Amino acid sequence: MSPAAEERHETRDTDLGDEELRARLSKTWGTARGLIGVLSTVDHKIIGIRYAVTAFTFLLAGGIMAIVMRLQLARPDSHLVDAELYNQLFTMHGTTMMFLFGVPVGEAFAVYLVPLMVGTRNIAFPRLNAFSYYVYLFGGLMLWGGFALSIRPDVGWFSYVPLASLDFTPGKGPDYWAQMITFTEVAALAVSVEIVVTVLKQRAPGMTLDRIPLFVWTMLVHSFIIIFAMPAVMLASSMLIMDRLVGTQFFNADAGGDPLLWQHLFWFFGHPEVYIIFLPGTAFVSAIVATFSRRPVFGYLPMVLSLIAIGFLSFGLWVHHMFVTGLPEVGAAFFTASSMAIAIPNGVQIFCWIATLWDGKPVLKTPLIFVLGFFFIFVAGGLSGVMLASVPIDTQVHDTYFVVAHFHYVLIGGTLFPLVAAVYYWFPKVTGRLMDERVGKWQFALAFIGFNTAFFPMHLLGLHGMPRRVYTYPAEMGWGGLNLLASAGALLFFASFLLMLWNMVVSARSGSFAGDNPWDAETLEWATSSPPQPQNFDRIPYITCRAPLWDQGGDKAVVGGLKVDERELIVTSITEARPDIREESPAPSIWPFLAALATAVAFIGSIYTPWAITWGSPVVAIVLVAWFWPKTTEENV
Amino acid sequence: MARSVIDVSDLPTYAFGSRVTPWWGTFSFCLLEGTGFALGIGGYLYLAVTNRHWAKDAVPLSLIWSALFTLVLVVSALPNFLIRRAAMRESLRSVRVLLLVMSVIGLVLIGLRVMEFSALPVRWSDNAYGSFVWLLLGLHGVHVLTDVADTLVLAVLMFTRHGTGKRFSDAEDNAFYWYFVVLSWLPLYAVLYWLPRL
């Protein structure tokens with residue numbers, strides 16, 4: 001029999017009734033039991049959940065460090081922790097929040113939700129996805145394992161040279177920091193590539209560019225920002241570790257290098273990083289505002305254009321972190337202008353969301369309440385941001401608590417509030433049960449009051465001259481009262497997260513059942529069961545409008561003809577999403593885990609001897625060949 | 001009630017170029033690696049402009065091995081073009097032969113890169129100029145190394161029972177990435193070997 005004829009005899013989804021189809025697909029796409037099965041899974045939903053749980057664990061760890069710092073600063077001349085430990089605490093707090101929580105938590109939601117929202121069965125390159133998670137996990141474990149073993153970076157989350165050079169910081173702390181960067185950036189870059197390809201090539205037939213949900217557009221722009229920004233910090237951290245380990249001179253001014261080169265490379269990543277962390281927040285807001293206003297987001301086109309504008313502009317801002325380094329005036333003026341310009345697309349987004357709420361019939365459930373909190377806090381942070389964009393003000397308050405207040409308003413307001421909203425919103429999809437609304441509202445009250453009590457006084461402290469990164473201050477400065485207030489607020493804010501954790505645990509066991517679409521939302525993830533089956537959709541939906549669950553009504557147009565006993569998914573054309581290929585999606589494999597393990601051993605070994613790279617590379621290469629070597633006829637990426 | 005409106009059972013299970021997902025994966029990796037190269041060159045130029053020691057440190061590099069490397073690399077674009085064409089025509093014999101040719105070329109290039117390194121007048125630890133020369137040459141060398149390794153594995157695959165169907169698409173994708181390896185070298189070559197001579 002010819003291959004084509006042979007293929008025609010295999011069972012297709014059109015041959016089966018709903019129940020049998022669901023059972024057979026679930027077997028084809030499922031994850032095996034046992035340790036090997038668990039480590040081999042390539043299901044984007046399982047990996048997304050792992051990303052989220054790991055990221056939230058790091059949030060808790062970073063939060064505990066913040067609480068210790070706030071207890072130390074609560075009163076003047078305190079000796080709860082000494083200067084050395086305090087330096088380690090703020091370094092670990094910033095590093096953990098930015099690299100081990102902020103970026104990965106956005107990836108977590110993208111990995112879980114984007115394939116569902118575009119109506120496909122798995123993310124593109126699912127084995128790379130599994131690999132990326134393990135690399136991230138090992139990077140985080142390495143940093144925190146080092147901390148437990150007293151190998152502690154203490155030079156800030158930005159690790160400025162010359163302080164971070166071997167002359168001024170001997171020991172292995174900064175090396176652990178630099179390698180952790182490599183781990184987490186490899187993971188983030190891999191996920192970004194997967195998301196880009198999933199969005200461009202795996203959308204359900206009919207989902208043309210102008211029918212892509214705003215959430216997905218946001219994650220696409222987010223991924224492109226990562227692709228262009230993260231190489232800078234990987235390059236920089238590799239140069240730093242080489243300066244420290246093999247004697248290169250990149251940042252040594254006496255040997256032709258320049259410490260400012262570090263700052264340029266770091267902030268070329270570091271400012272887009274703010275948007276890398278913030279954009280997932282806006283993705284959550286767009287989804288939640290639409291659902292609870294009972295209408296699509298106002299101004300789809302300006303929203304998408306604003307996102308793209310933010311993507312471009314975010315690369316024109318980095319020097320505003322370096323205004324006090326003695327820049328040429330034209331340079332400073334340019335970066336002031338671009339720093340102010342990015343407020344425009346951000347403003348457009350805010351106005352579109354407000355217009356949506358204005359025109360809709362807002363339902364005040366917990367997710368929407370947290371989004372309203374986001375508006376207030378983020379706009380306040382944006383205002384202090386516009387102030388800081390001007391060079392004279394920046395010069396005055398540089399390195400004071402005013403800046404601390406500003407970026408916590410932006411980052412917590414822009415990311416954490418929408419994130420909590422997102423947890424309440426998608427928890428029922430992931431677990432099949434709703435979280436408790438009453439606890440949610442109490443949590444909001446605690447979080448909103450706690451946050452503002454913690455961080456608003458810091459504006460004043462900064463204007464009163466309190467510098468950042470000091471472990472204590474004398475009573476005569478008169479900063480005691482506001483600091484005590486801030487610390488009390490921090491405790492309240494922390495408690496709000498414990499309340500959420502409790503709510504999650506209790507609701508996962510005994511929350512009320514959610515059904516497929518508890519919020520009556522518009523996007524495709526709500527068109528499947530809660531939690532979704534391994535195959536996501538029994539039949540691939542055919543999309544004819546922007547809000548399929550609202551506008552397509554009872555008419556469930558689907559695509560038929562995929563094989564049932566193989567992992568097949570539909571690849572579509574980029575703009576019009578016309579079905580083009582039935583591509584085979586890779587099956588579970590243990591090799592991505594082993595590849596991540598080999599990579600981790602080589603990276604960690606390289607901190608102690610450069611030969612670890614020499615000896616580690618062939619091992620990694622062999623594992624990669626095993627990963628990609630076809631076992632039967634299956635595909636492997 | 002579900003209503004099937006499109007039947008995809010007759011669609012192919014693989015295709016070539018930008019129709020398939022691996023091409024977009026490779027393209028994305030080219031973007032991010034290209035950004036890495038661009039930033040590396042940016043750092044080099046930044047120091048060349050801002051550090052006054054640089055002019056004295058930046059001794060010109062020997063042109064012989066690098067010229068050979070560049071020549072072979074540019075010429076390799078021709079068999080690379082042919083491999084893409086043969087892969088898209090699914091001509092197993094041509095793909096096998098050309099993959100072997102590309103493997104040999106790749107190994108020669110690695111040898112030439114080793115000679116380039118051994119002929120360098122500066123060490124990475126001498127000064128920042130030396131650090132950048134080693135970094136950029138090494139970074140590009142890693143790209144050559146990984147694609148040659150990929151080509152070797154693919155060549156072996158094509159001589160096994162796996163040398164059918166989707167593997168042709170992989171060969172085409174591998175050839176696509178090689179163009180990136182070739183193109184990314186040209187600006188590096190200009191900056192590393194010719195800029196200090198200006």
# chains A, B, ... in the order shown; residues from 1 in each chain; ligands from 1
call {"tool": "residues_around", "arguments": {"residues": "range 152-167 of chain B", "least_positions_apart": "5", "cutoff": "6 Å", "atoms": "only C-alpha atoms", "output": "list in words"}}
result
Tyr14, Leu99 and Ser103 of chain B
call {"tool": "select_by_dssp", "arguments": {"residues": "range 2-176 of chain B", "states": "strand (DSSP E or B)", "output": "list in words"}}
result
Ala2, Arg3, Ser4, Val5, Ile6 and Asp7 of chain B
call {"tool": "residues_around", "arguments": {"residues": "Arg84 in chain B", "least_positions_apart": "6", "cutoff": "8 Å", "atoms": "only C-alpha atoms", "output": "list in words"}}
result
Ala171, Glu172, Ala175 and Phe176 of chain B
call {"tool": "residues_around", "arguments": {"residues": "range 466-480 of chain A", "least_positions_apart": "3", "cutoff": "8 Å", "atoms": "only C-alpha atoms", "output": "PyMOL selection string"}}
result
chain A and resi 72-78+81-83+86-87+90+399-401+404+461-463+483-484
call {"tool": "write_last_selection", "arguments": {"atoms": "N, CA and C atoms", "output": "PDB file, in the first residue's frame"}}
result
ATOM      1  N   GLN A  72      13.906  45.569  59.593  1.00  0.00           N
ATOM      2  CA  GLN A  72      15.166  46.231  59.931  1.00  0.00           C
ATOM      3  C   GLN A  72      15.022  47.757  59.881  1.00  0.00           C
ATOM      4  N   LEU A  73      14.300  48.249  58.863  1.00  0.00           N
ATOM      5  CA  LEU A  73      14.200  49.702  58.681  1.00  0.00           C
ATOM      6  C   LEU A  73      13.077  50.327  59.506  1.00  0.00           C
ATOM      7  N   ALA A  74      12.287  49.507  60.186  1.00  0.00           N
ATOM      8  CA  ALA A  74      11.115  50.041  60.887  1.00  0.00           C
ATOM      9  C   ALA A  74      11.496  51.077  61.928  1.00  0.00           C
ATOM     10  N   ARG A  75      12.651  50.928  62.542  1.00  0.00           N
ATOM     11  CA  ARG A  75      13.078  51.961  63.489  1.00  0.00           C
ATOM     12  C   ARG A  75      14.544  52.316  63.246  1.00  0.00           C
ATOM     13  N   PRO A  76      14.967  53.509  63.658  1.00  0.00           N
ATOM     14  CA  PRO A  76      16.350  53.921  63.415  1.00  0.00           C
ATOM     15  C   PRO A  76      17.347  53.113  64.250  1.00  0.00           C
ATOM     16  N   ASP A  77      18.577  53.090  63.815  1.00  0.00           N
ATOM     17  CA  ASP A  77      19.679  52.434  64.537  1.00  0.00           C
ATOM     18  C   ASP A  77      19.353  50.995  64.913  1.00  0.00           C
ATOM     19  N   SER A  78      18.679  50.304  64.021  1.00  0.00           N
ATOM     20  CA  SER A  78      18.281  48.933  64.330  1.00  0.00           C
ATOM     21  C   SER A  78      19.424  47.972  64.025  1.00  0.00           C
ATOM     22  N   VAL A  81      19.480  43.052  61.416  1.00  0.00           N
ATOM     23  CA  VAL A  81      20.451  42.466  60.489  1.00  0.00           C
ATOM     24  C   VAL A  81      21.605  43.449  60.333  1.00  0.00           C
ATOM     25  N   ASP A  82      22.799  42.933  59.998  1.00  0.00           N
ATOM     26  CA  ASP A  82      23.934  43.833  59.829  1.00  0.00           C
ATOM     27  C   ASP A  82      24.029  44.298  58.375  1.00  0.00           C
ATOM     28  N   ALA A  83      24.970  45.169  58.117  1.00  0.00           N
ATOM     29  CA  ALA A  83      25.080  45.771  56.782  1.00  0.00           C
ATOM     30  C   ALA A  83      25.325  44.709  55.707  1.00  0.00           C
ATOM     31  N   TYR A  86      22.253  42.790  55.001  1.00  0.00           N
ATOM     32  CA  TYR A  86      21.279  43.666  54.349  1.00  0.00           C
ATOM     33  C   TYR A  86      21.584  43.792  52.848  1.00  0.00           C
ATOM     34  N   ASN A  87      22.872  43.940  52.539  1.00  0.00           N
ATOM     35  CA  ASN A  87      23.264  44.002  51.119  1.00  0.00           C
ATOM     36  C   ASN A  87      22.852  42.735  50.379  1.00  0.00           C
ATOM     37  N   PHE A  90      18.904  42.792  49.865  1.00  0.00           N
ATOM     38  CA  PHE A  90      18.294  43.573  48.777  1.00  0.00           C
ATOM     39  C   PHE A  90      18.737  43.060  47.413  1.00  0.00           C
ATOM     40  N   ASP A 399      18.877  57.657  43.427  1.00  0.00           N
ATOM     41  CA  ASP A 399      19.303  56.801  44.530  1.00  0.00           C
ATOM     42  C   ASP A 399      18.640  57.140  45.875  1.00  0.00           C
ATOM     43  N   THR A 400      17.450  57.746  45.814  1.00  0.00           N
ATOM     44  CA  THR A 400      16.717  57.950  47.061  1.00  0.00           C
ATOM     45  C   THR A 400      15.479  57.050  47.064  1.00  0.00           C
ATOM     46  N   TYR A 401      14.765  57.084  48.176  1.00  0.00           N
ATOM     47  CA  TYR A 401      13.553  56.272  48.286  1.00  0.00           C
ATOM     48  C   TYR A 401      12.438  56.731  47.356  1.00  0.00           C
ATOM     49  N   VAL A 404      12.612  54.266  44.734  1.00  0.00           N
ATOM     50  CA  VAL A 404      12.076  52.993  45.239  1.00  0.00           C
ATOM     51  C   VAL A 404      10.551  53.023  45.188  1.00  0.00           C
ATOM     52  N   LEU A 461       9.906  60.067  51.998  1.00  0.00           N
ATOM     53  CA  LEU A 461      11.231  59.768  52.541  1.00  0.00           C
ATOM     54  C   LEU A 461      12.313  60.135  51.528  1.00  0.00           C
ATOM     55  N   GLY A 462      12.042  59.838  50.269  1.00  0.00           N
ATOM     56  CA  GLY A 462      13.016  60.158  49.229  1.00  0.00           C
ATOM     57  C   GLY A 462      13.212  61.661  49.113  1.00  0.00           C
ATOM     58  N   LEU A 463      12.096  62.409  49.149  1.00  0.00           N
ATOM     59  CA  LEU A 463      12.214  63.866  49.062  1.00  0.00           C
ATOM     60  C   LEU A 463      12.910  64.428  50.300  1.00  0.00           C
ATOM     61  N   ASN A 483       9.085  55.497  58.174  1.00  0.00           N
ATOM     62  CA  ASN A 483       9.586  54.137  57.960  1.00  0.00           C
ATOM     63  C   ASN A 483       8.755  53.107  58.726  1.00  0.00           C
ATOM     64  N   LEU A 484       8.381  53.469  59.931  1.00  0.00           N
ATOM     65  CA  LEU A 484       7.562  52.547  60.720  1.00  0.00           C
ATOM     66  C   LEU A 484       6.225  52.311  60.010  1.00  0.00           C
TER      67      LEU A 484
END
call {"tool": "residues_around", "arguments": {"residues": "Phe132 in chain B", "least_positions_apart": "2", "cutoff": "12 Å", "atoms": "only C-alpha atoms", "output": "ChimeraX atom specification"}}
result
/A:235,239,242-243,248-251,256-257 /B:37,39-48,54,57-58,122-130,134-139,188,191-192
call {"tool": "write_last_selection", "arguments": {"atoms": "N, CA and C atoms", "output": "CSV table (one decimal), in the first residue's frame"}}
result
chain,number,residue,atom,x,y,z
A,235,LEU,N,24.8,38.6,27.1
A,235,LEU,CA,26.2,38.9,26.7
A,235,LEU,C,26.9,39.6,27.8
A,239,MET,N,30.2,38.4,29.8
A,239,MET,CA,31.4,39.2,29.9
A,239,MET,C,31.9,39.4,31.3
A,242,MET,N,33.4,36.3,32.6
A,242,MET,CA,34.7,36.1,32.0
A,242,MET,C,35.8,37.0,32.6
A,243,ASP,N,35.4,38.3,32.9
A,243,ASP,CA,36.3,39.2,33.6
A,243,ASP,C,36.7,38.6,34.9
A,248,THR,N,39.5,38.3,31.4
A,248,THR,CA,39.2,39.3,30.3
A,248,THR,C,39.1,40.7,30.9
A,249,GLN,N,39.2,41.7,30.1
A,249,GLN,CA,39.3,43.1,30.6
A,249,GLN,C,38.1,44.0,30.1
A,250,PHE,N,37.0,43.4,29.9
A,250,PHE,CA,35.9,44.2,29.3
A,250,PHE,C,35.5,45.4,30.0
A,251,PHE,N,35.5,45.3,31.4
A,251,PHE,CA,35.0,46.4,32.2
A,251,PHE,C,36.1,47.1,33.0
A,256,GLY,N,41.7,49.3,28.8
A,256,GLY,CA,41.0,49.6,27.6
A,256,GLY,C,39.5,49.3,27.7
A,257,GLY,N,39.0,48.8,28.8
A,257,GLY,CA,37.6,48.5,29.0
A,257,GLY,C,36.9,49.7,29.6
B,37,PHE,N,25.1,39.5,18.3
B,37,PHE,CA,26.2,39.9,17.5
B,37,PHE,C,26.3,41.5,17.4
B,39,LEU,N,25.0,43.7,19.3
B,39,LEU,CA,25.4,44.3,20.6
B,39,LEU,C,26.9,44.1,20.9
B,40,GLY,N,27.4,42.9,20.5
B,40,GLY,CA,28.9,42.7,20.6
B,40,GLY,C,29.7,43.7,19.8
B,41,ILE,N,29.3,43.9,18.6
B,41,ILE,CA,29.9,44.9,17.7
B,41,ILE,C,29.7,46.3,18.3
B,42,GLY,N,28.5,46.6,18.9
B,42,GLY,CA,28.3,47.8,19.5
B,42,GLY,C,29.2,48.1,20.7
B,43,GLY,N,29.4,47.1,21.5
B,43,GLY,CA,30.3,47.2,22.6
B,43,GLY,C,31.8,47.5,22.2
B,44,TYR,N,32.2,46.8,21.1
B,44,TYR,CA,33.5,47.0,20.6
B,44,TYR,C,33.7,48.4,20.1
B,45,LEU,N,32.7,48.9,19.3
B,45,LEU,CA,32.8,50.3,18.8
B,45,LEU,C,32.7,51.3,19.9
B,46,TYR,N,31.9,51.0,20.9
B,46,TYR,CA,31.8,51.9,22.1
B,46,TYR,C,33.1,52.1,22.7
B,47,LEU,N,33.8,51.0,23.0
B,47,LEU,CA,35.1,51.1,23.6
B,47,LEU,C,36.1,51.8,22.7
B,48,ALA,N,36.0,51.5,21.4
B,48,ALA,CA,36.9,52.1,20.4
B,48,ALA,C,36.8,53.7,20.5
B,54,TRP,N,42.5,52.4,23.7
B,54,TRP,CA,42.1,51.5,22.7
B,54,TRP,C,43.0,51.6,21.4
B,57,ASP,N,46.0,49.8,21.8
B,57,ASP,CA,45.9,48.4,22.0
B,57,ASP,C,45.5,47.7,20.7
B,58,ALA,N,44.8,48.4,19.8
B,58,ALA,CA,44.1,47.7,18.7
B,58,ALA,C,45.1,47.4,17.6
B,122,VAL,N,47.0,39.1,20.1
B,122,VAL,CA,46.7,39.5,21.4
B,122,VAL,C,46.0,38.3,22.1
B,123,ARG,N,46.1,38.3,23.5
B,123,ARG,CA,45.4,37.3,24.2
B,123,ARG,C,44.2,38.0,24.8
B,124,TRP,N,43.2,37.2,25.2
B,124,TRP,CA,41.9,37.8,25.8
B,124,TRP,C,42.2,38.6,27.0
B,125,SER,N,43.3,38.2,27.7
B,125,SER,CA,43.5,38.9,29.0
B,125,SER,C,44.5,40.1,28.9
B,126,ASP,N,45.0,40.4,27.7
B,126,ASP,CA,45.9,41.5,27.6
B,126,ASP,C,45.2,42.8,27.8
B,127,ASN,N,44.1,43.0,27.1
B,127,ASN,CA,43.4,44.3,27.2
B,127,ASN,C,41.9,44.0,26.7
B,128,ALA,N,41.1,45.1,26.8
B,128,ALA,CA,39.7,44.9,26.4
B,128,ALA,C,39.6,44.6,24.9
B,129,TYR,N,40.5,45.2,24.1
B,129,TYR,CA,40.5,44.9,22.7
B,129,TYR,C,40.7,43.4,22.4
B,130,GLY,N,41.7,42.9,23.1
B,130,GLY,CA,41.9,41.4,23.0
B,130,GLY,C,40.7,40.6,23.5
B,134,TRP,N,38.6,38.0,21.0
B,134,TRP,CA,38.3,36.6,21.3
B,134,TRP,C,36.9,36.3,21.5
B,135,LEU,N,36.1,37.3,22.1
B,135,LEU,CA,34.7,37.1,22.3
B,135,LEU,C,34.0,36.9,21.0
B,136,LEU,N,34.2,37.9,20.1
B,136,LEU,CA,33.4,37.9,18.8
B,136,LEU,C,33.8,36.7,17.9
B,137,LEU,N,35.1,36.5,17.9
B,137,LEU,CA,35.5,35.3,17.1
B,137,LEU,C,35.0,34.0,17.7
B,138,GLY,N,35.0,33.9,19.0
B,138,GLY,CA,34.5,32.7,19.7
B,138,GLY,C,33.0,32.6,19.5
B,139,LEU,N,32.3,33.7,19.6
B,139,LEU,CA,30.8,33.7,19.5
B,139,LEU,C,30.4,33.2,18.1
B,188,LEU,N,31.2,41.1,11.1
B,188,LEU,CA,32.3,40.8,12.1
B,188,LEU,C,33.6,40.9,11.5
B,191,VAL,N,34.7,44.5,10.9
B,191,VAL,CA,35.0,45.2,12.1
B,191,VAL,C,36.3,44.7,12.7
B,192,LEU,N,36.5,43.3,12.8
B,192,LEU,CA,37.6,42.8,13.5
B,192,LEU,C,38.9,43.0,12.7
call {"tool": "closest_residue", "arguments": {"among": "A:Phe284, A:Gly465, A:Gly146, A:Leu482", "to": "Phe417 in chain A", "atoms": "only C-alpha atoms"}}
result
A:Phe284
call {"tool": "atom_distance", "arguments": {"atom1": "CA of Ala445 in chain A", "atom2": "CA of Ile67 in chain A"}}
result
19.3 Å
call {"tool": "interface_residues", "arguments": {"of": "chain A", "to": "chain B", "cutoff": "7 Å", "atoms": "only C-alpha atoms", "output": "PDB file with C-alpha atoms, in the first residue's frame"}}
result
ATOM      1  CA  VAL A 193      10.386  31.751  20.388  1.00  0.00           C
ATOM      2  CA  VAL A 197       5.700  30.612  16.449  1.00  0.00           C
ATOM      3  CA  LYS A 201       1.579  29.635  12.754  1.00  0.00           C
ATOM      4  CA  ILE A 227      14.019  38.289  21.800  1.00  0.00           C
ATOM      5  CA  PHE A 228      15.652  41.678  21.264  1.00  0.00           C
ATOM      6  CA  PRO A 231      20.649  38.837  24.468  1.00  0.00           C
ATOM      7  CA  ALA A 232      22.077  42.082  25.901  1.00  0.00           C
ATOM      8  CA  LEU A 235      26.165  38.948  26.690  1.00  0.00           C
ATOM      9  CA  GLY A 247      40.862  37.522  33.269  1.00  0.00           C
ATOM     10  CA  THR A 248      39.242  39.292  30.317  1.00  0.00           C
ATOM     11  CA  GLN A 249      39.265  43.082  30.597  1.00  0.00           C
ATOM     12  CA  PHE A 250      35.880  44.154  29.259  1.00  0.00           C
ATOM     13  CA  ALA A 255      43.100  47.983  30.243  1.00  0.00           C
ATOM     14  CA  GLY A 256      40.957  49.608  27.574  1.00  0.00           C
ATOM     15  CA  GLY A 257      37.583  48.549  28.994  1.00  0.00           C
ATOM     16  CA  ASP A 258      34.851  50.659  30.550  1.00  0.00           C
ATOM     17  CA  LEU A 261      29.785  49.541  29.004  1.00  0.00           C
ATOM     18  CA  ASP A 555     -23.104  27.660  15.978  1.00  0.00           C
ATOM     19  CA  LYS A 556     -20.042  25.542  16.700  1.00  0.00           C
ATOM     20  CA  ALA A 557     -18.198  25.540  13.411  1.00  0.00           C
ATOM     21  CA  VAL A 558     -15.248  23.149  13.578  1.00  0.00           C
ATOM     22  CA  VAL A 559     -12.429  21.811  11.455  1.00  0.00           C
ATOM     23  CA  GLY A 560     -12.364  18.082  10.688  1.00  0.00           C
ATOM     24  CA  GLY A 561      -9.868  15.606   9.320  1.00  0.00           C
ATOM     25  CA  LEU A 562      -7.079  15.402  11.909  1.00  0.00           C
ATOM     26  CA  ASP A 580      -1.947  24.669   5.402  1.00  0.00           C
ATOM     27  CA  ILE A 581      -0.262  21.641   6.985  1.00  0.00           C
ATOM     28  CA  ARG A 582      -1.126  18.836   9.413  1.00  0.00           C
ATOM     29  CA  GLU A 583       2.078  18.959  11.439  1.00  0.00           C
TER      30      GLU A 583
END
call {"tool": "residues_around", "arguments": {"residues": "Pro174 in chain A", "least_positions_apart": "3", "cutoff": "9 Å", "atoms": "only C-alpha atoms", "output": "PyMOL selection string"}}
result
chain A and resi 151-155+159+164-166+169-171+177-179+240-241+244
call {"tool": "write_last_selection", "arguments": {"atoms": "N, CA and C atoms", "output": "PDB file, in the first residue's frame"}}
result
ATOM      1  N   ILE A 151      26.931  31.382  49.761  1.00  0.00           N
ATOM      2  CA  ILE A 151      27.524  31.997  48.564  1.00  0.00           C
ATOM      3  C   ILE A 151      26.492  33.021  48.112  1.00  0.00           C
ATOM      4  N   ARG A 152      26.699  34.267  48.543  1.00  0.00           N
ATOM      5  CA  ARG A 152      25.608  35.235  48.401  1.00  0.00           C
ATOM      6  C   ARG A 152      26.042  36.473  47.633  1.00  0.00           C
ATOM      7  N   PRO A 153      25.446  36.698  46.467  1.00  0.00           N
ATOM      8  CA  PRO A 153      25.730  37.963  45.787  1.00  0.00           C
ATOM      9  C   PRO A 153      25.226  39.115  46.658  1.00  0.00           C
ATOM     10  N   ASP A 154      25.987  40.222  46.686  1.00  0.00           N
ATOM     11  CA  ASP A 154      25.576  41.341  47.540  1.00  0.00           C
ATOM     12  C   ASP A 154      25.838  42.669  46.850  1.00  0.00           C
ATOM     13  N   VAL A 155      25.813  42.658  45.510  1.00  0.00           N
ATOM     14  CA  VAL A 155      26.160  43.887  44.792  1.00  0.00           C
ATOM     15  C   VAL A 155      24.973  44.444  44.013  1.00  0.00           C
ATOM     16  N   SER A 159      24.213  44.364  39.622  1.00  0.00           N
ATOM     17  CA  SER A 159      25.606  43.923  39.674  1.00  0.00           C
ATOM     18  C   SER A 159      26.580  44.872  38.965  1.00  0.00           C
ATOM     19  N   ALA A 164      31.287  44.896  41.260  1.00  0.00           N
ATOM     20  CA  ALA A 164      31.106  43.460  41.061  1.00  0.00           C
ATOM     21  C   ALA A 164      32.348  42.787  40.476  1.00  0.00           C
ATOM     22  N   SER A 165      33.421  43.568  40.279  1.00  0.00           N
ATOM     23  CA  SER A 165      34.619  42.930  39.719  1.00  0.00           C
ATOM     24  C   SER A 165      35.352  42.165  40.818  1.00  0.00           C
ATOM     25  N   LEU A 166      36.283  41.349  40.391  1.00  0.00           N
ATOM     26  CA  LEU A 166      36.966  40.467  41.336  1.00  0.00           C
ATOM     27  C   LEU A 166      37.742  41.256  42.385  1.00  0.00           C
ATOM     28  N   THR A 169      34.889  42.510  44.863  1.00  0.00           N
ATOM     29  CA  THR A 169      34.034  41.464  45.423  1.00  0.00           C
ATOM     30  C   THR A 169      34.621  40.093  45.114  1.00  0.00           C
ATOM     31  N   PRO A 170      35.569  39.674  45.937  1.00  0.00           N
ATOM     32  CA  PRO A 170      36.052  38.304  45.759  1.00  0.00           C
ATOM     33  C   PRO A 170      34.968  37.327  46.207  1.00  0.00           C
ATOM     34  N   GLY A 171      35.215  36.050  46.071  1.00  0.00           N
ATOM     35  CA  GLY A 171      34.162  35.087  46.426  1.00  0.00           C
ATOM     36  C   GLY A 171      33.366  34.772  45.181  1.00  0.00           C
ATOM     37  N   TRP A 177      25.344  34.796  40.575  1.00  0.00           N
ATOM     38  CA  TRP A 177      24.358  35.731  40.026  1.00  0.00           C
ATOM     39  C   TRP A 177      24.415  35.717  38.501  1.00  0.00           C
ATOM     40  N   ALA A 178      25.644  35.833  37.947  1.00  0.00           N
ATOM     41  CA  ALA A 178      25.789  35.932  36.492  1.00  0.00           C
ATOM     42  C   ALA A 178      25.324  34.642  35.802  1.00  0.00           C
ATOM     43  N   GLN A 179      25.624  33.503  36.379  1.00  0.00           N
ATOM     44  CA  GLN A 179      25.189  32.253  35.750  1.00  0.00           C
ATOM     45  C   GLN A 179      23.675  32.078  35.861  1.00  0.00           C
ATOM     46  N   LEU A 240      30.913  39.639  32.205  1.00  0.00           N
ATOM     47  CA  LEU A 240      31.255  39.857  33.612  1.00  0.00           C
ATOM     48  C   LEU A 240      31.930  38.618  34.201  1.00  0.00           C
ATOM     49  N   ILE A 241      31.309  37.458  33.931  1.00  0.00           N
ATOM     50  CA  ILE A 241      31.856  36.245  34.538  1.00  0.00           C
ATOM     51  C   ILE A 241      33.219  35.924  33.924  1.00  0.00           C
ATOM     52  N   ARG A 244      35.778  37.963  35.601  1.00  0.00           N
ATOM     53  CA  ARG A 244      36.057  37.458  36.943  1.00  0.00           C
ATOM     54  C   ARG A 244      36.804  36.129  36.932  1.00  0.00           C
TER      55      ARG A 244
END
call {"tool": "residues_around", "arguments": {"residues": "Glu194 in chain A", "least_positions_apart": "5", "cutoff": "10 Å", "atoms": "only C-alpha atoms", "output": "ChimeraX atom specification"}}
result
/A:110-111,123-126,128-129,188-189,199-200,223 /B:21,24-25,28
